[in-house]
$ cat work34.tsv   # TSV, C-alpha atoms
chain	number	residue	atom	x	y	z
A	1	MET	CA	14.87	-25.43	-6.49
A	2	THR	CA	17.61	-22.79	-6.55
A	3	ARG	CA	20.23	-22.85	-3.79
A	4	PHE	CA	21.72	-19.61	-2.44
A	5	VAL	CA	24.92	-19.39	-0.41
A	6	LEU	CA	25.29	-16.16	1.60
A	7	ILE	CA	28.61	-14.75	2.85
A	8	SER	CA	30.19	-11.43	3.78
A	9	ASP	CA	33.38	-10.00	5.27
A	10	THR	CA	35.84	-12.63	4.08
A	11	HIS	CA	38.74	-10.15	4.53
A	12	ASN	CA	41.35	-11.99	2.43
A	13	THR	CA	40.38	-15.39	3.85
A	14	LYS	CA	39.29	-18.20	1.57
A	15	PRO	CA	36.47	-20.09	3.27
A	16	VAL	CA	35.41	-23.44	1.91
A	17	LEU	CA	31.89	-23.01	0.57
A	18	PRO	CA	29.07	-25.50	0.16
A	19	ARG	CA	27.70	-26.18	-3.30
A	20	GLY	CA	24.96	-23.95	-4.62
A	21	ASP	CA	23.60	-22.05	-7.59
A	22	ILE	CA	23.96	-18.42	-6.47
A	23	LEU	CA	26.73	-17.08	-4.26
A	24	VAL	CA	25.98	-13.72	-2.60
A	25	HIS	CA	28.87	-11.76	-1.05
A	26	ALA	CA	27.90	-8.64	0.93
A	27	GLY	CA	31.29	-6.90	0.81
A	28	ASP	CA	34.66	-6.55	2.54
A	29	LEU	CA	36.61	-8.97	0.41
A	30	THR	CA	39.85	-7.37	1.61
A	31	VAL	CA	41.52	-5.88	4.71
A	32	ARG	CA	43.48	-2.86	3.47
A	33	GLY	CA	41.82	-2.70	0.07
A	34	THR	CA	45.01	-2.52	-2.01
A	35	ARG	CA	44.97	-3.53	-5.64
A	36	ALA	CA	47.07	-6.60	-4.84
A	37	GLU	CA	44.64	-7.69	-2.12
A	38	THR	CA	41.69	-7.02	-4.40
A	39	GLU	CA	43.17	-9.07	-7.24
A	40	ALA	CA	43.84	-11.96	-4.85
A	41	ALA	CA	40.27	-11.76	-3.56
A	42	MET	CA	38.92	-11.69	-7.11
A	43	LEU	CA	41.00	-14.72	-8.01
A	44	TRP	CA	39.33	-16.59	-5.16
A	45	LEU	CA	35.91	-15.25	-6.14
A	46	GLY	CA	36.59	-16.34	-9.72
A	47	LEU	CA	37.27	-19.87	-8.53
A	48	GLN	CA	33.90	-19.82	-6.77
A	49	ALA	CA	32.29	-18.57	-9.99
A	50	MET	CA	33.37	-21.83	-11.63
A	51	GLN	CA	31.20	-23.69	-9.10
A	52	PHE	CA	28.17	-21.38	-9.09
A	53	LYS	CA	25.88	-20.21	-11.88
A	54	PHE	CA	26.30	-16.63	-10.67
A	55	VAL	CA	28.23	-14.73	-8.02
A	56	VAL	CA	26.56	-11.50	-6.89
A	57	PHE	CA	28.59	-9.08	-4.76
A	58	VAL	CA	28.86	-5.54	-3.44
A	59	GLY	CA	31.84	-3.65	-2.09
A	60	GLY	CA	32.47	-3.00	1.58
A	61	ASN	CA	34.10	-0.29	3.65
A	62	HIS	CA	37.50	-2.05	3.46
A	63	ASP	CA	37.41	-2.41	-0.34
A	64	TRP	CA	39.27	0.82	-1.14
A	65	PHE	CA	40.52	-0.15	-4.59
A	66	LEU	CA	36.99	-0.81	-5.83
A	67	TYR	CA	35.78	2.40	-4.18
A	68	HIS	CA	38.40	4.61	-5.81
A	69	LEU	CA	38.01	2.90	-9.19
A	70	SER	CA	34.28	3.53	-9.07
A	71	ARG	CA	34.65	7.14	-7.95
A	72	GLU	CA	37.31	7.99	-10.53
A	73	ALA	CA	36.13	6.00	-13.56
A	74	GLY	CA	32.56	4.85	-12.77
A	75	LYS	CA	31.04	1.54	-11.77
A	76	ASP	CA	31.33	0.22	-15.33
A	77	ALA	CA	35.10	0.43	-14.82
A	78	VAL	CA	34.69	-1.81	-11.77
A	79	ARG	CA	32.76	-4.27	-13.93
A	80	ASP	CA	35.54	-4.18	-16.52
A	81	PHE	CA	38.05	-4.91	-13.77
A	82	VAL	CA	35.96	-7.84	-12.46
A	83	ARG	CA	35.10	-9.41	-15.84
A	84	PRO	CA	38.36	-11.35	-16.42
A	85	TRP	CA	37.68	-13.44	-13.32
A	86	GLY	CA	34.27	-14.56	-14.58
A	87	SER	CA	31.52	-13.27	-16.84
A	88	ASN	CA	29.02	-14.63	-14.30
A	89	ILE	CA	30.33	-12.40	-11.49
A	90	ILE	CA	27.80	-9.61	-10.99
A	91	TYR	CA	28.96	-6.41	-9.28
A	92	LEU	CA	26.17	-4.23	-7.90
A	93	GLU	CA	26.48	-0.61	-6.82
A	94	ASN	CA	23.12	0.95	-5.96
A	95	GLU	CA	21.34	-0.95	-8.72
A	96	LEU	CA	19.06	-3.82	-9.66
A	97	TRP	CA	19.94	-7.08	-11.40
A	98	ALA	CA	17.56	-9.91	-12.26
A	99	GLU	CA	17.90	-13.35	-13.80
A	100	GLU	CA	15.58	-16.26	-14.52
A	101	PHE	CA	16.15	-19.50	-12.64
A	102	GLU	CA	14.00	-22.55	-13.33
A	103	GLY	CA	11.29	-20.41	-14.89
A	104	LYS	CA	11.22	-17.86	-12.06
A	105	VAL	CA	12.79	-14.41	-12.22
A	106	VAL	CA	14.83	-13.53	-9.12
A	107	SER	CA	15.75	-9.88	-8.61
A	108	PHE	CA	18.63	-8.49	-6.56
A	109	TRP	CA	19.32	-4.92	-5.49
A	110	GLY	CA	22.78	-4.27	-4.08
A	111	SER	CA	24.70	-1.42	-2.46
A	112	PRO	CA	28.03	-0.95	-0.65
A	113	ALA	CA	26.69	2.08	1.27
A	114	GLN	CA	26.74	2.33	5.04
A	115	PRO	CA	26.45	5.17	7.56
A	116	GLU	CA	29.64	7.03	8.45
A	117	PHE	CA	32.05	4.63	10.12
A	118	CYS	CA	35.64	5.68	10.87
A	119	ASP	CA	36.03	7.48	7.53
A	120	TRP	CA	36.11	4.26	5.50
A	121	ALA	CA	35.01	3.62	1.91
A	122	TRP	CA	31.42	4.15	0.79
A	123	ASN	CA	30.53	6.12	3.91
A	124	TYR	CA	27.44	8.34	3.84
A	125	ALA	CA	26.23	10.81	6.43
A	126	ARG	CA	23.20	9.52	8.28
A	127	ASP	CA	19.78	10.87	7.39
A	128	SER	CA	19.52	12.74	4.08
A	129	ASP	CA	22.74	11.51	2.39
A	130	ILE	CA	22.25	7.81	2.94
A	131	ARG	CA	18.48	8.09	2.62
A	132	ALA	CA	19.03	9.23	-0.97
A	133	VAL	CA	20.76	5.91	-1.66
A	134	TRP	CA	17.99	3.79	-0.16
A	135	ASP	CA	15.36	5.82	-2.01
A	136	LYS	CA	16.75	4.27	-5.21
A	137	ILE	CA	15.56	0.80	-4.19
A	138	PRO	CA	12.42	-0.06	-6.19
A	139	THR	CA	9.34	-0.35	-4.00
A	140	PHE	CA	8.16	-3.52	-5.72
A	141	GLY	CA	9.89	-6.57	-7.10
A	142	VAL	CA	13.10	-6.91	-5.06
A	143	ASP	CA	13.55	-10.50	-3.90
A	144	VAL	CA	17.06	-10.26	-2.43
A	145	LEU	CA	18.44	-7.04	-0.95
A	146	VAL	CA	22.23	-7.02	-0.55
A	147	THR	CA	23.84	-4.25	1.48
A	148	HIS	CA	27.16	-4.12	3.25
A	149	GLY	CA	25.78	-2.80	6.52
A	150	PRO	CA	22.76	-3.76	8.63
A	151	PRO	CA	19.52	-1.89	9.23
A	152	TYR	CA	18.92	-0.39	12.64
A	153	HIS	CA	17.86	-2.82	15.36
A	154	VAL	CA	18.67	-5.88	13.21
A	155	LEU	CA	21.84	-7.83	14.07
A	156	ASP	CA	23.70	-4.54	14.56
A	157	TRP	CA	25.11	-4.66	18.10
A	158	VAL	CA	28.60	-3.31	18.77
A	159	GLY	CA	29.07	-3.75	22.50
A	160	LYS	CA	26.04	-2.05	24.07
A	161	ASP	CA	25.33	0.12	21.03
A	162	ARG	CA	23.20	-0.49	17.97
A	163	VAL	CA	24.91	0.97	14.91
A	164	GLY	CA	22.60	-0.05	12.06
A	165	CYS	CA	20.98	2.39	9.64
A	166	GLN	CA	17.49	3.64	10.50
A	167	ASP	CA	16.88	4.83	6.95
A	168	LEU	CA	17.71	1.36	5.65
A	169	ARG	CA	15.24	-0.09	8.15
A	170	ASP	CA	12.59	2.30	6.82
A	171	ALA	CA	13.42	1.23	3.27
A	172	ILE	CA	12.91	-2.43	4.17
A	173	ASP	CA	9.44	-1.57	5.45
A	174	ARG	CA	8.71	0.08	2.10
A	175	VAL	CA	10.34	-2.49	-0.20
A	176	GLN	CA	9.65	-5.68	1.79
A	177	PRO	CA	12.24	-7.90	0.10
A	178	LYS	CA	12.04	-11.60	0.79
A	179	VAL	CA	15.65	-11.76	1.98
A	180	HIS	CA	18.14	-9.15	3.19
A	181	VAL	CA	21.84	-10.11	3.22
A	182	PHE	CA	24.50	-7.95	4.90
A	183	GLY	CA	27.58	-8.08	7.12
A	184	HIS	CA	29.91	-5.31	8.30
A	185	ILE	CA	29.14	-5.79	12.02
A	186	HIS	CA	30.93	-9.07	12.65
A	187	ALA	CA	29.64	-9.45	16.20
A	188	GLY	CA	26.10	-9.37	14.81
A	189	HIS	CA	26.44	-12.57	12.78
A	190	GLY	CA	23.12	-14.35	12.87
A	191	LYS	CA	19.61	-14.35	11.49
A	192	ALA	CA	16.44	-12.40	12.26
A	193	GLN	CA	13.13	-11.34	10.76
A	194	THR	CA	11.69	-7.89	10.24
A	195	PHE	CA	7.94	-7.37	10.25
A	196	SER	CA	6.40	-4.69	8.06
A	197	VAL	CA	2.95	-3.18	7.61
A	198	GLY	CA	0.48	-5.81	6.49
A	199	GLY	CA	2.37	-8.63	8.17
A	200	ALA	CA	5.00	-9.07	5.44
A	201	THR	CA	8.32	-10.38	6.74
A	202	THR	CA	11.89	-10.15	5.51
A	203	GLN	CA	14.40	-12.85	6.40
A	204	CYS	CA	17.60	-11.06	7.47
A	205	TYR	CA	21.06	-12.63	7.51
A	206	ASN	CA	24.24	-11.09	8.86
A	207	ALA	CA	26.58	-13.28	6.83
A	208	ALA	CA	29.99	-12.14	8.12
A	209	VAL	CA	32.16	-15.26	8.07
A	210	THR	CA	35.08	-13.78	10.01
A	211	GLY	CA	34.83	-12.91	13.69
A	212	GLU	CA	35.58	-9.60	15.32
A	213	ASN	CA	39.27	-10.24	14.72
A	214	TYR	CA	38.90	-10.46	10.96
A	215	LYS	CA	42.59	-11.26	10.40
A	216	LEU	CA	42.03	-14.76	11.79
A	217	ALA	CA	40.53	-17.73	9.96
A	218	PRO	CA	36.78	-17.72	9.23
A	219	LYS	CA	34.68	-18.23	12.35
A	220	HIS	CA	31.17	-18.67	10.92
A	221	HIS	CA	29.67	-20.90	8.26
A	222	PRO	CA	27.82	-19.44	5.26
A	223	TRP	CA	24.04	-19.29	5.33
A	224	VAL	CA	22.40	-21.60	2.79
A	225	LEU	CA	18.87	-21.07	1.48
A	226	ASP	CA	16.74	-22.95	-1.03
A	227	TYR	CA	14.28	-20.96	-3.14
A	228	ASP	CA	11.26	-22.59	-4.80
A	229	GLY	CA	10.12	-19.46	-6.61
A	230	LYS	CA	7.99	-18.29	-3.70
A	231	THR	CA	9.72	-19.02	-0.41
A	232	PHE	CA	13.31	-19.04	0.82
A	233	THR	CA	13.97	-21.92	3.21
A	234	GLU	CA	17.09	-22.20	5.32
A	235	VAL	CA	19.09	-25.41	4.83
A	236	PRO	CA	20.64	-26.29	8.20
A	237	GLY	CA	24.03	-27.97	8.16
A	238	ALA	CA	24.45	-27.57	4.40
$ encode --input "work34.tsv" --output "structure tokens"
Amino acid sequence: MTRFVLISDTHNTKPVLPRGDILVHAGDLTVRGTRAETEAAMLWLGLQAMQFKFVVFVGGNHDWFLYHLSREAGKDAVRDFVRPWGSNIIYLENELWAEEFEGKVVSFWGSPAQPEFCDWAWNYARDSDIRAVWDKIPTFGVDVLVTHGPPYHVLDWVGKDRVGCQDLRDAIDRVQPKVHVFGHIHAGHGKAQTFSVGGATTQCYNAAVTGENYKLAPKHHPWVLDYDGKTFTEVPGA
């Protein structure tokens, strides 16, 4: 059994995490995204990497330093920046990563992209621009999809408005990952299922640990899932 711990939107906080094998962070490690903030967040993430076999993460719209580093020098430069804090910290930017656990290969596809939102980092225009990102997700073989933002109509309420990405929702129908982890919309913290053609379902988790006032202490606990090679099962109270 492989245990996954799911978090997002830590925003400079340092939540106490339960034990597990794989830590997944769906972006927004920082508030202002400065280099100093990013290094402090990576120090904390590196400490978590000492407790987990792997830490898998994507950037978020607040993570400006990572965004500019990627845009100016490429995502390999981001990996070079991350490496000193742990060789088992896996940064994903519109790409696939897979690893074998207990004889079963688990595949992750991760992206920091989200629809335009207040001119923040990794913003894409809705429709064709962001659709081009989601078109990169392989149709078969993705177990865990990690994006910063939510799909449309899935844990994406801001007041009376749904702000999720319709093209991402369409991609989930095509890809049908077992689990989708995201954050970004703090008020949407929770869990849901999407149902695709043929009856396949995707377990969806908005894993934002901070509340709508993200400068306060963490409000929500991480989601914890056990994976037996076929099915992800939520572990309540872990």
$ atom_distance --input "work34.tsv" --atom1 "atom CA of Ile172 of chain A" --atom2 "atom CA of Gln203 of chain A"
10.8 Å
$ residues_around --input "work34.tsv" --residues "Asp63 of chain A" --least-positions-apart "5" --cutoff "10 Å" --atoms "only C-alpha atoms" --output "PyMOL selection string"
chain A and resi 11+27-35+37-38+58+68+112+120-122
$ closest_residue --input "work34.tsv" --among "A:Arg126, A:His184, A:His25, A:Arg19" --to "Gln51 of chain A" --atoms "only C-alpha atoms"
A:Arg19
$ closest_residue --input "work34.tsv" --among "A:Tyr227, A:Phe232, A:Trp157, A:Trp85" --to "Trp44 of chain A" --atoms "all atoms listed in the file"
A:Trp85
$ closest_residue --input "work34.tsv" --among "A:Asp143, A:Asp21, A:Asp80, A:Glu234" --to "Leu96 of chain A" --atoms "only C-alpha atoms"
A:Asp143
$ residues_near_point --input "work34.tsv" --point "(9.1, 2.0, 5.9)" --cutoff "12 Å" --atoms "all atoms listed in the file" --output "number ranges by chain"
A: 131, 134-135, 139, 151, 166-177, 194-198, 200
$ atom_distance --input "work34.tsv" --atom1 "atom CA of Asn12 of chain A" --atom2 "atom CA of Ile89 of chain A"
17.8 Å
$ closest_residue --input "work34.tsv" --among "A:Phe101, A:Val163, A:Gly188, A:Leu43" --to "Arg83 of chain A" --atoms "only C-alpha atoms"
A:Leu43
$ atom_distance --input "work34.tsv" --atom1 "atom CA of Leu6 of chain A" --atom2 "atom CA of Lys191 of chain A"
11.5 Å
$ residues_around --input "work34.tsv" --residues "Val179 of chain A" --least-positions-apart "6" --cutoff "6 Å" --atoms "all atoms listed in the file" --output "number ranges by chain"
A: 144, 202-204
$ decode --input "work34.tsv" --residues "segment 77-109 of chain A" --atoms "C-alpha atoms" --output "compact mmCIF listing (two decimals), in the first residue's frame"
# COMPACT_ATOMS: atom_id res chain seq x y z
CA ALA A 77 16.58 25.75 -14.46
CA VAL A 78 13.72 25.43 -11.97
CA ARG A 79 14.74 21.83 -11.36
CA ASP A 80 18.34 22.95 -10.80
CA PHE A 81 17.08 25.51 -8.29
CA VAL A 82 14.98 22.88 -6.47
CA ARG A 83 17.57 20.08 -6.42
CA PRO A 84 19.64 21.25 -3.40
CA TRP A 85 16.60 20.83 -1.16
CA GLY A 86 16.13 17.18 -2.14
CA SER A 87 16.82 14.93 -5.10
CA ASN A 88 13.42 13.33 -4.47
CA ILE A 89 11.53 16.60 -5.02
CA ILE A 90 9.88 16.40 -8.43
CA TYR A 91 8.88 19.66 -10.14
CA LEU A 92 6.33 19.27 -12.94
CA GLU A 93 5.49 21.87 -15.57
CA ASN A 94 3.14 20.53 -18.24
CA GLU A 95 4.76 17.10 -18.19
CA LEU A 96 4.56 13.49 -17.08
CA TRP A 97 6.54 11.71 -14.37
CA ALA A 98 6.21 8.08 -13.32
CA GLU A 99 7.76 5.90 -10.66
CA GLU A 100 7.34 2.32 -9.47
CA PHE A 101 5.98 1.73 -5.99
CA GLU A 102 5.61 -1.78 -4.60
CA GLY A 103 5.70 -3.27 -8.09
CA LYS A 104 3.14 -0.84 -9.54
CA VAL A 105 3.99 2.12 -11.75
CA VAL A 106 2.19 5.33 -10.74
CA SER A 107 2.14 8.18 -13.26
CA PHE A 108 1.66 11.88 -12.54
CA TRP A 109 1.00 14.73 -14.96
